[in-house]
>>> print(open('work_4.cif').read())   # mmCIF, C-alpha atoms and all ligand atoms
data_target
loop_
_atom_site.label_atom_id
_atom_site.label_comp_id
_atom_site.auth_asym_id
_atom_site.auth_seq_id
_atom_site.Cartn_x
_atom_site.Cartn_y
_atom_site.Cartn_z
CA MET A 671 -33.53 -13.42 16.13
CA THR A 672 -31.74 -16.33 14.42
CA VAL A 673 -27.97 -16.69 14.59
CA ALA A 674 -27.74 -15.82 10.87
CA SER A 675 -29.80 -12.65 11.16
CA GLY A 676 -27.95 -11.74 14.35
CA THR A 677 -24.66 -12.08 12.51
CA ALA A 678 -26.02 -10.03 9.61
CA ALA A 679 -27.16 -7.34 12.04
CA LEU A 680 -23.74 -7.33 13.67
CA LEU A 681 -21.96 -7.10 10.30
CA ASP A 682 -24.27 -4.22 9.46
CA LEU A 683 -22.58 -2.19 12.18
CA PHE A 684 -19.32 -2.49 10.26
CA LEU A 685 -20.70 -1.61 6.84
CA PRO A 686 -22.09 1.67 5.61
CA ARG A 687 -25.64 1.46 4.26
CA THR A 688 -24.67 3.27 1.12
CA CYS A 689 -21.60 3.69 -1.09
CA VAL A 690 -19.03 5.95 0.64
CA HIS A 691 -18.57 7.83 -2.62
CA CYS A 692 -21.92 8.13 -4.43
CA ASP A 693 -24.46 7.18 -1.72
CA ALA A 694 -26.03 4.46 -3.89
CA PRO A 695 -27.23 1.42 -1.90
CA THR A 696 -24.47 -1.18 -1.91
CA GLY A 697 -25.99 -4.25 -0.26
CA ALA A 698 -22.92 -5.38 1.63
CA GLY A 699 -20.16 -3.26 0.10
CA ILE A 700 -18.41 -0.07 1.12
CA LEU A 701 -17.95 1.23 -2.40
CA CYS A 702 -20.62 0.26 -4.98
CA ALA A 703 -19.82 -1.83 -8.07
CA PRO A 704 -20.23 1.06 -10.54
CA CYS A 705 -17.77 3.14 -8.47
CA TRP A 706 -15.24 0.28 -8.41
CA SER A 707 -15.53 0.14 -12.21
CA ARG A 708 -14.70 3.85 -12.40
CA LEU A 709 -11.29 3.60 -10.66
CA PRO A 710 -8.78 5.62 -12.73
CA LEU A 711 -6.43 2.72 -13.51
CA LEU A 712 -2.83 3.39 -14.56
CA ALA A 713 -2.96 3.09 -18.34
CA ALA A 714 -0.90 0.65 -20.41
CA PRO A 715 1.77 0.58 -21.75
CA ARG A 716 3.63 0.96 -18.48
CA CYS A 717 7.32 1.06 -17.57
CA ASP A 718 8.36 -2.51 -16.74
CA ARG A 719 10.22 -1.32 -13.65
CA CYS A 720 8.30 1.52 -12.00
CA GLY A 721 4.89 0.74 -13.47
CA HIS A 722 4.35 4.32 -14.61
CA PRO A 723 2.43 4.75 -17.90
CA SER A 724 5.21 5.22 -20.45
CA ARG A 725 3.41 6.48 -23.56
CA GLY A 726 6.44 5.48 -25.62
CA ARG A 727 8.76 7.94 -23.87
CA ALA A 728 11.84 7.22 -21.79
CA CYS A 729 10.81 6.82 -18.15
CA THR A 730 11.56 9.74 -15.87
CA TYR A 731 10.13 8.19 -12.71
CA CYS A 732 12.60 5.28 -12.40
CA SER A 733 15.48 7.64 -11.61
CA SER A 734 13.86 8.44 -8.23
CA LEU A 735 14.11 4.77 -7.16
CA PRO A 736 17.13 3.36 -5.29
CA PRO A 737 19.08 0.81 -7.38
CA PHE A 738 17.95 -2.15 -5.23
CA VAL A 739 14.28 -1.48 -6.03
CA ARG A 740 13.25 -3.97 -8.71
CA ALA A 741 9.67 -3.06 -9.59
CA VAL A 742 6.80 -0.86 -8.48
CA ARG A 743 3.10 -1.37 -9.17
CA SER A 744 -0.05 0.57 -8.25
CA VAL A 745 -3.70 0.05 -9.09
CA CYS A 746 -4.97 3.59 -9.76
CA TRP A 747 -4.28 7.30 -9.63
CA VAL A 748 -4.91 9.53 -6.64
CA PRO A 749 -6.32 11.99 -5.96
CA ASP A 750 -9.51 11.15 -7.79
CA PRO A 751 -13.11 11.20 -6.52
CA VAL A 752 -13.48 7.40 -6.47
CA SER A 753 -10.00 6.16 -5.58
CA SER A 754 -9.59 8.82 -2.88
CA ALA A 755 -12.96 7.80 -1.42
CA ALA A 756 -11.65 4.23 -1.09
CA VAL A 757 -8.35 5.33 0.48
CA GLU A 758 -10.07 7.70 2.91
CA ALA A 759 -12.70 5.11 3.86
CA LEU A 760 -9.87 2.76 4.88
CA LYS A 761 -7.49 5.27 6.40
CA TYR A 762 -9.61 7.88 8.11
CA ASP A 763 -13.18 6.61 8.35
CA GLY A 764 -12.51 3.18 9.85
CA TRP A 765 -14.21 1.15 7.09
CA ILE A 766 -11.53 -1.52 7.38
CA GLY A 767 -13.63 -4.03 5.41
CA ILE A 768 -12.64 -2.18 2.25
CA ALA A 769 -9.08 -3.55 2.63
CA ALA A 770 -10.19 -6.87 1.08
CA PRO A 771 -11.63 -5.53 -2.21
CA MET A 772 -8.69 -3.09 -2.46
CA ALA A 773 -6.30 -6.03 -1.96
CA ASP A 774 -8.15 -8.04 -4.65
CA ARG A 775 -7.19 -5.34 -7.14
CA ILE A 776 -3.62 -4.99 -5.81
CA ALA A 777 -3.10 -8.77 -5.95
CA ARG A 778 -4.15 -8.96 -9.62
CA LEU A 779 -1.45 -6.53 -10.83
CA ALA A 780 1.01 -7.96 -13.38
CA TRP A 781 4.72 -8.27 -12.47
CA PRO A 782 7.96 -9.24 -14.20
CA ALA A 783 8.53 -13.02 -13.97
CA ASP A 784 11.54 -12.71 -11.62
CA VAL A 785 9.42 -10.81 -9.08
CA LEU A 786 6.75 -13.53 -9.19
CA ASP A 787 9.46 -16.19 -8.71
CA GLU A 788 11.38 -14.47 -5.95
CA ARG A 789 9.02 -12.49 -3.73
CA ALA A 790 9.40 -13.97 -0.25
CA ALA A 791 7.12 -11.80 1.88
CA VAL A 792 5.07 -8.63 1.97
CA VAL A 793 6.00 -5.96 4.52
CA PRO A 794 3.60 -3.10 5.30
CA VAL A 795 5.03 0.39 5.70
CA PRO A 796 4.63 0.83 9.47
CA LEU A 797 3.05 3.75 11.27
CA ALA A 798 4.77 5.31 14.27
CA ALA A 799 3.43 3.76 17.48
CA THR A 800 1.50 6.84 18.58
CA ARG A 801 -0.15 7.26 15.17
CA ARG A 802 -1.11 3.59 15.16
CA ARG A 803 -2.64 3.92 18.63
CA GLU A 804 -4.67 6.95 17.55
CA ARG A 805 -6.00 5.16 14.46
CA GLY A 806 -6.29 1.74 16.08
CA TYR A 807 -4.77 -0.01 13.07
CA ASN A 808 -2.28 0.45 10.26
CA GLN A 809 -4.10 0.62 6.92
CA ALA A 810 -0.99 -0.60 5.07
CA GLU A 811 -0.86 -3.66 7.33
CA LEU A 812 -4.51 -4.49 6.62
CA LEU A 813 -3.75 -4.34 2.89
CA ALA A 814 -0.48 -6.31 3.22
CA ASN A 815 -2.19 -9.10 5.19
CA GLU A 816 -4.83 -9.49 2.49
CA VAL A 817 -2.30 -9.30 -0.36
CA GLY A 818 -0.03 -11.88 1.32
CA LEU A 819 -2.97 -14.28 1.61
CA ARG A 820 -3.79 -13.85 -2.08
CA TRP A 821 -0.17 -14.31 -3.16
CA GLY A 822 0.44 -17.22 -0.76
CA ILE A 823 3.42 -15.53 0.96
CA PRO A 824 3.80 -14.34 4.56
CA CYS A 825 3.16 -10.81 5.80
CA TRP A 826 6.04 -9.65 8.00
CA ALA A 827 4.44 -6.73 9.83
CA ASP A 828 7.07 -6.90 12.60
CA VAL A 829 10.39 -6.51 10.76
CA ILE A 830 10.63 -2.72 10.66
CA THR A 831 9.33 -0.02 12.96
CA ARG A 832 8.77 3.65 12.42
CA GLU A 833 10.79 5.45 15.02
CA ARG A 834 9.07 8.80 15.10
CA ASN A 835 5.97 10.53 13.97
CA THR A 836 6.46 12.39 10.78
CA PRO A 837 4.15 15.36 10.28
CA THR A 838 1.39 14.97 7.73
CA GLN A 839 3.23 15.18 4.44
CA THR A 840 0.62 16.81 2.28
CA ARG A 841 1.97 20.34 2.60
CA LEU A 842 5.66 19.51 2.22
CA THR A 843 7.77 19.81 -0.92
CA PRO A 844 9.40 16.61 -2.25
CA SER A 845 12.80 17.47 -0.74
CA GLU A 846 11.20 18.33 2.62
CA ARG A 847 9.42 14.97 2.53
CA SER A 848 12.66 13.19 1.83
CA THR A 849 14.34 14.83 4.84
CA ASN A 850 11.24 14.22 6.91
CA VAL A 851 11.39 10.43 6.46
CA HIS A 852 15.20 10.13 6.54
CA ARG A 853 16.02 7.26 8.89
CA ALA A 854 12.49 7.22 10.19
CA PHE A 855 12.53 3.41 9.94
CA ARG A 856 14.53 0.88 11.94
CA VAL A 857 14.84 -2.89 11.81
CA ASN A 858 12.93 -4.31 14.75
CA GLU A 859 15.65 -6.29 16.51
CA ALA A 860 13.02 -7.57 18.98
CA ALA A 861 11.24 -9.52 16.21
CA ARG A 862 12.15 -13.20 16.23
CA GLY A 863 14.78 -14.16 13.65
CA VAL A 864 14.39 -10.82 11.94
CA ARG A 865 17.88 -10.68 10.39
CA GLN A 866 17.65 -14.29 9.14
CA ARG A 867 14.25 -13.66 7.58
CA ILE A 868 15.36 -10.52 5.79
CA ALA A 869 18.77 -11.83 4.66
CA GLY A 870 18.90 -12.23 0.88
CA ALA A 871 15.14 -11.86 0.50
CA HIS A 872 13.17 -10.11 -2.22
CA ILE A 873 10.60 -8.21 -0.15
CA VAL A 874 7.49 -6.43 -1.45
CA LEU A 875 6.71 -3.30 0.56
CA VAL A 876 3.01 -2.45 0.73
CA ASP A 877 1.43 0.97 1.30
CA ASP A 878 -1.96 2.47 0.57
CA VAL A 879 -0.61 5.31 -1.56
CA LEU A 880 2.68 6.16 -3.29
CA THR A 881 3.18 9.92 -3.39
CA THR A 882 6.79 10.96 -4.00
CA GLY A 883 8.13 7.56 -3.03
CA ALA A 884 10.18 9.11 -0.20
CA THR A 885 8.50 7.01 2.50
CA LEU A 886 8.78 3.74 0.58
CA ASN A 887 12.38 4.54 -0.41
CA ALA A 888 13.29 5.17 3.25
CA ALA A 889 11.69 1.90 4.39
CA ALA A 890 13.33 0.00 1.52
CA THR A 891 16.74 1.47 2.34
CA GLU A 892 16.46 0.24 5.93
CA LEU A 893 15.50 -3.27 4.72
CA PHE A 894 18.37 -3.25 2.22
CA HIS A 895 20.91 -2.21 4.85
CA ALA A 896 19.55 -5.01 7.06
CA GLY A 897 20.38 -7.56 4.36
CA ALA A 898 17.41 -7.72 1.99
CA ARG A 899 18.64 -8.30 -1.57
CA ILE A 900 15.86 -6.69 -3.56
CA ILE A 901 12.75 -4.71 -2.69
CA SER A 902 9.65 -4.09 -4.80
CA TYR A 903 6.73 -1.80 -3.94
CA VAL A 904 3.03 -2.18 -4.38
CA THR A 905 0.35 0.39 -3.54
CA PHE A 906 -3.33 0.91 -4.22
CA GLY A 907 -3.05 4.57 -5.23
CA ARG A 908 -0.32 6.52 -6.96
CA ALA A 909 0.01 10.31 -7.16
CA ARG A 910 0.42 11.74 -10.63
CA THR A 911 3.75 13.42 -11.36
CA ALA A 912 4.07 16.68 -13.28
CA ALA A 913 4.53 14.58 -16.46
CA ASP A 914 1.25 12.70 -15.99
ZN ZN B 1001 -20.76 4.36 -5.55
ZN ZN B 1002 10.03 3.63 -14.98
#
>>> encode(input="work_4.cif", output="structure tokens")
Amino acid sequence: MTVASGTAALLDLFLPRTCVHCDAPTGAGILCAPCWSRLPLLAAPRCDRCGHPSRGRACTYCSSLPPFVRAVRSVCWVPDPVSSAAVEALKYDGWIGIAAPMADRIARLAWPADVLDERAAVVPVPLAATRRRERGYNQAELLANEVGLRWGIPCWADVITRERNTPTQTRLTPSERSTNVHRAFRVNEAARGVRQRIAGAHIVLVDDVLTTGATLNAAATELFHAGARIISYVTFGRARTAAD
């Protein structure tokens, strides 16, 4: 076996043989090209701040964001057969190689000019330590690393920690979720120069999916109280609201 074919064989172990959604042969991908083209993208025109499709109406989503949140962007709606397959492949099935093509799409999202000028770092929404150990990785951190590389800014995966496990949120109401994540995040005082890094910075929080926003809002509030000036959010998936 040559080195090249040995490497290919090794890589094969980390790639499914067929698309995780439709079972078509993918060559070297995790999701096939036709499936990527079927992602349910958030339609234009969109609210300049929260990124929600506006359809000419006043935005109702922005009111759920804390005042220090500048802008929010997401690639596509969830749940949906294709976008959920991508999220689940990354989060639950261990196909971590899908973080790169997901990050390609996240990194291409359009932002207001001030966000492009100011964004200093990406910060992944952390998992609680026990959850991270169970999974072996934090899917948001994999995405944030890749997005930071594409944007040419650092990924600060160490600046906040998640203090406790929050139960799976799927079956909770929005207000239960909000209580659930209240003060779940803490600045990681053990991280080198953490306060100096955060001070005055415009930070972009990264997560795989935005559902109610309660988790991102809680993480952003902790960063703001630690001295960050502005926080923006970016996610791959976004849950539809009742108005969508
Ligand atoms: Zn497919
Ligand atoms: Zn809005």
>>> residues_near_ligand(input="work_4.cif", ligand="ligand ZN 1001 (chain B)", cutoff="9 Å", atoms="all atoms listed in the file", output="PDB file with C-alpha atoms, in the coordinates of the input")
ATOM      1  CA  THR A 688     -24.670   3.270   1.120  1.00  0.00           C
ATOM      2  CA  CYS A 689     -21.600   3.690  -1.090  1.00  0.00           C
ATOM      3  CA  VAL A 690     -19.030   5.950   0.640  1.00  0.00           C
ATOM      4  CA  HIS A 691     -18.570   7.830  -2.620  1.00  0.00           C
ATOM      5  CA  CYS A 692     -21.920   8.130  -4.430  1.00  0.00           C
ATOM      6  CA  ASP A 693     -24.460   7.180  -1.720  1.00  0.00           C
ATOM      7  CA  ALA A 694     -26.030   4.460  -3.890  1.00  0.00           C
ATOM      8  CA  PRO A 695     -27.230   1.420  -1.900  1.00  0.00           C
ATOM      9  CA  THR A 696     -24.470  -1.180  -1.910  1.00  0.00           C
ATOM     10  CA  ILE A 700     -18.410  -0.070   1.120  1.00  0.00           C
ATOM     11  CA  LEU A 701     -17.950   1.230  -2.400  1.00  0.00           C
ATOM     12  CA  CYS A 702     -20.620   0.260  -4.980  1.00  0.00           C
ATOM     13  CA  ALA A 703     -19.820  -1.830  -8.070  1.00  0.00           C
ATOM     14  CA  PRO A 704     -20.230   1.060 -10.540  1.00  0.00           C
ATOM     15  CA  CYS A 705     -17.770   3.140  -8.470  1.00  0.00           C
ATOM     16  CA  TRP A 706     -15.240   0.280  -8.410  1.00  0.00           C
ATOM     17  CA  VAL A 752     -13.480   7.400  -6.470  1.00  0.00           C
TER      18      VAL A 752
END
>>> residues_near_ligand(input="work_4.cif", ligand="ligand ZN 1002 (chain B)", cutoff="6 Å", atoms="all atoms listed in the file", output="JSON, numbers by chain")
{"A": [717, 719, 720, 722, 729, 731, 732]}
>>> closest_atom_pairs(input="work_4.cif", of="region 692-775 of chain A", to="region 879-885 of chain A", cutoff="10 Å", atoms="all atoms listed in the file", output="CSV")
residue,atom,partner,partner_atom,distance
A:Tyr731,CA,A:Thr882,CA,9.7
A:Ser734,CA,A:Gly883,CA,7.8
A:Leu735,CA,A:Gly883,CA,7.8
A:Val742,CA,A:Leu880,CA,9.7
A:Arg743,CA,A:Leu880,CA,9.6
A:Ser744,CA,A:Leu880,CA,8.0
A:Val745,CA,A:Val879,CA,9.7
A:Cys746,CA,A:Val879,CA,9.4
A:Trp747,CA,A:Val879,CA,9.1
A:Val748,CA,A:Val879,CA,7.9
A:Pro749,CA,A:Val879,CA,9.8
A:Ser754,CA,A:Val879,CA,9.7
A:Val757,CA,A:Val879,CA,8.0
>>> closest_residue(input="work_4.cif", among="A:Ile830, A:Ala890, A:Ala770, A:Cys825", to="Val864 (chain A)", atoms="only C-alpha atoms")
A:Ile830
>>> atom_distance(input="work_4.cif", atom1="CA of Ala827 (chain A)", atom2="CA of Pro796 (chain A)")
7.6 Å
>>> atom_distance(input="work_4.cif", atom1="CA of Arg727 (chain A)", atom2="CA of Ala780 (chain A)")
20.6 Å
>>> atom_distance(input="work_4.cif", atom1="CA of Ala799 (chain A)", atom2="CA of Leu685 (chain A)")
26.9 Å
>>> closest_residue(input="work_4.cif", among="A:Gly822, A:Pro736, A:Gly806, A:Gly863", to="Trp765 (chain A)", atoms="only C-alpha atoms")
A:Gly806
>>> closest_residue(input="work_4.cif", among="A:Asp784, A:Thr730, A:Met772, A:Leu760", to="Ala912 (chain A)", atoms="all atoms listed in the file")
A:Thr730
>>> residues_around(input="work_4.cif", residues="His895 (chain A)", least_positions_apart="2", cutoff="12 Å", atoms="all atoms listed in the file", output="VMD selection string")
chain A and resid 738 830 853 855 to 857 865 868 to 870 888 to 893 897 to 901
>>> residues_around(input="work_4.cif", residues="Ala791 (chain A)", least_positions_apart="6", cutoff="12 Å", atoms="all atoms listed in the file", output="PyMOL selection string")
chain A and resi 785+814-815+817-829+867-876+898+900-903
>>> closest_residue(input="work_4.cif", among="A:Gly764, A:Gly699, A:Gly721, A:Pro686", to="Arg908 (chain A)", atoms="all atoms listed in the file")
A:Gly721
>>> closest_residue(input="work_4.cif", among="A:Asp787, A:Asp878, A:Glu833, A:Asp914", to="Leu813 (chain A)", atoms="all atoms listed in the file")
A:Asp878
>>> closest_residue(input="work_4.cif", among="A:Thr800, A:Thr905, A:Ser724, A:Thr831", to="Ala769 (chain A)", atoms="all atoms listed in the file")
A:Thr905
>>> decode(input="work_4.cif", residues="region 748-830 of chain A", atoms="C-alpha atoms", output="PDB file, in the first residue's frame")
ATOM      1  CA  VAL A 748     -34.220  23.777  11.278  1.00  0.00           C
ATOM      2  CA  PRO A 749     -35.809  21.358  11.626  1.00  0.00           C
ATOM      3  CA  ASP A 750     -35.727  20.295   8.002  1.00  0.00           C
ATOM      4  CA  PRO A 751     -34.737  16.941   6.489  1.00  0.00           C
ATOM      5  CA  VAL A 752     -31.454  18.202   5.011  1.00  0.00           C
ATOM      6  CA  SER A 753     -30.291  20.835   7.504  1.00  0.00           C
ATOM      7  CA  SER A 754     -31.189  18.617  10.472  1.00  0.00           C
ATOM      8  CA  ALA A 755     -29.220  15.763   8.890  1.00  0.00           C
ATOM      9  CA  ALA A 756     -26.154  18.037   8.780  1.00  0.00           C
ATOM     10  CA  VAL A 757     -26.605  19.204  12.392  1.00  0.00           C
ATOM     11  CA  GLU A 758     -27.179  15.669  13.675  1.00  0.00           C
ATOM     12  CA  ALA A 759     -24.214  14.284  11.710  1.00  0.00           C
ATOM     13  CA  LEU A 760     -21.983  16.818  13.486  1.00  0.00           C
ATOM     14  CA  LYS A 761     -23.565  16.746  16.920  1.00  0.00           C
ATOM     15  CA  TYR A 762     -24.669  13.195  17.528  1.00  0.00           C
ATOM     16  CA  ASP A 763     -23.105  10.940  14.911  1.00  0.00           C
ATOM     17  CA  GLY A 764     -19.479  12.057  15.215  1.00  0.00           C
ATOM     18  CA  TRP A 765     -19.026  13.090  11.559  1.00  0.00           C
ATOM     19  CA  ILE A 766     -16.881  16.030  12.639  1.00  0.00           C
ATOM     20  CA  GLY A 767     -15.562  16.551   9.095  1.00  0.00           C
ATOM     21  CA  ILE A 768     -18.880  18.189   8.244  1.00  0.00           C
ATOM     22  CA  ALA A 769     -17.885  21.196  10.403  1.00  0.00           C
ATOM     23  CA  ALA A 770     -15.758  22.559   7.513  1.00  0.00           C
ATOM     24  CA  PRO A 771     -18.459  22.675   4.802  1.00  0.00           C
ATOM     25  CA  MET A 772     -20.965  23.974   7.390  1.00  0.00           C
ATOM     26  CA  ALA A 773     -18.456  26.706   8.331  1.00  0.00           C
ATOM     27  CA  ASP A 774     -17.962  27.580   4.626  1.00  0.00           C
ATOM     28  CA  ARG A 775     -21.643  28.485   4.495  1.00  0.00           C
ATOM     29  CA  ILE A 776     -21.612  30.296   7.860  1.00  0.00           C
ATOM     30  CA  ALA A 777     -18.529  32.314   6.854  1.00  0.00           C
ATOM     31  CA  ARG A 778     -20.173  33.555   3.628  1.00  0.00           C
ATOM     32  CA  LEU A 779     -23.140  35.195   5.414  1.00  0.00           C
ATOM     33  CA  ALA A 780     -23.502  38.956   4.852  1.00  0.00           C
ATOM     34  CA  TRP A 781     -23.145  41.354   7.821  1.00  0.00           C
ATOM     35  CA  PRO A 782     -23.558  45.072   8.474  1.00  0.00           C
ATOM     36  CA  ALA A 783     -20.290  46.938   7.756  1.00  0.00           C
ATOM     37  CA  ASP A 784     -19.634  47.804  11.423  1.00  0.00           C
ATOM     38  CA  VAL A 785     -19.704  44.103  12.363  1.00  0.00           C
ATOM     39  CA  LEU A 786     -17.188  43.304   9.620  1.00  0.00           C
ATOM     40  CA  ASP A 787     -14.954  46.164  10.847  1.00  0.00           C
ATOM     41  CA  GLU A 788     -15.175  45.422  14.548  1.00  0.00           C
ATOM     42  CA  ARG A 789     -15.456  41.687  15.131  1.00  0.00           C
ATOM     43  CA  ALA A 790     -12.429  40.738  17.225  1.00  0.00           C
ATOM     44  CA  ALA A 791     -12.932  37.028  17.866  1.00  0.00           C
ATOM     45  CA  VAL A 792     -15.361  34.151  17.630  1.00  0.00           C
ATOM     46  CA  VAL A 793     -16.396  32.390  20.848  1.00  0.00           C
ATOM     47  CA  PRO A 794     -18.171  29.018  20.733  1.00  0.00           C
ATOM     48  CA  VAL A 795     -21.063  28.428  23.114  1.00  0.00           C
ATOM     49  CA  PRO A 796     -19.434  25.960  25.520  1.00  0.00           C
ATOM     50  CA  LEU A 797     -20.807  22.636  26.662  1.00  0.00           C
ATOM     51  CA  ALA A 798     -20.748  21.688  30.329  1.00  0.00           C
ATOM     52  CA  ALA A 799     -17.628  19.637  31.080  1.00  0.00           C
ATOM     53  CA  THR A 800     -19.468  16.351  31.568  1.00  0.00           C
ATOM     54  CA  ARG A 801     -21.436  16.756  28.330  1.00  0.00           C
ATOM     55  CA  ARG A 802     -18.229  17.558  26.469  1.00  0.00           C
ATOM     56  CA  ARG A 803     -16.546  14.455  27.893  1.00  0.00           C
ATOM     57  CA  GLU A 804     -19.466  12.266  26.832  1.00  0.00           C
ATOM     58  CA  ARG A 805     -19.427  13.651  23.283  1.00  0.00           C
ATOM     59  CA  GLY A 806     -15.656  13.989  23.035  1.00  0.00           C
ATOM     60  CA  TYR A 807     -15.892  17.436  21.440  1.00  0.00           C
ATOM     61  CA  ASN A 808     -18.002  20.573  21.357  1.00  0.00           C
ATOM     62  CA  GLN A 809     -19.696  20.906  17.966  1.00  0.00           C
ATOM     63  CA  ALA A 810     -19.935  24.701  18.375  1.00  0.00           C
ATOM     64  CA  GLU A 811     -16.182  24.869  18.962  1.00  0.00           C
ATOM     65  CA  LEU A 812     -15.475  22.870  15.791  1.00  0.00           C
ATOM     66  CA  LEU A 813     -17.621  25.344  13.833  1.00  0.00           C
ATOM     67  CA  ALA A 814     -16.110  28.406  15.569  1.00  0.00           C
ATOM     68  CA  ASN A 815     -12.551  27.261  14.830  1.00  0.00           C
ATOM     69  CA  GLU A 816     -13.353  26.876  11.145  1.00  0.00           C
ATOM     70  CA  VAL A 817     -15.252  30.182  10.965  1.00  0.00           C
ATOM     71  CA  GLY A 818     -12.422  32.047  12.737  1.00  0.00           C
ATOM     72  CA  LEU A 819      -9.941  30.700  10.187  1.00  0.00           C
ATOM     73  CA  ARG A 820     -12.141  31.859   7.311  1.00  0.00           C
ATOM     74  CA  TRP A 821     -12.680  35.313   8.823  1.00  0.00           C
ATOM     75  CA  GLY A 822      -9.033  35.699   9.873  1.00  0.00           C
ATOM     76  CA  ILE A 823      -9.875  36.304  13.562  1.00  0.00           C
ATOM     77  CA  PRO A 824      -9.041  34.198  16.631  1.00  0.00           C
ATOM     78  CA  CYS A 825     -11.324  31.613  18.206  1.00  0.00           C
ATOM     79  CA  TRP A 826     -11.458  32.108  21.986  1.00  0.00           C
ATOM     80  CA  ALA A 827     -12.817  28.753  23.123  1.00  0.00           C
ATOM     81  CA  ASP A 828     -11.502  29.317  26.670  1.00  0.00           C
ATOM     82  CA  VAL A 829     -13.128  32.596  27.760  1.00  0.00           C
ATOM     83  CA  ILE A 830     -16.419  31.259  29.112  1.00  0.00           C
TER      84      ILE A 830
END
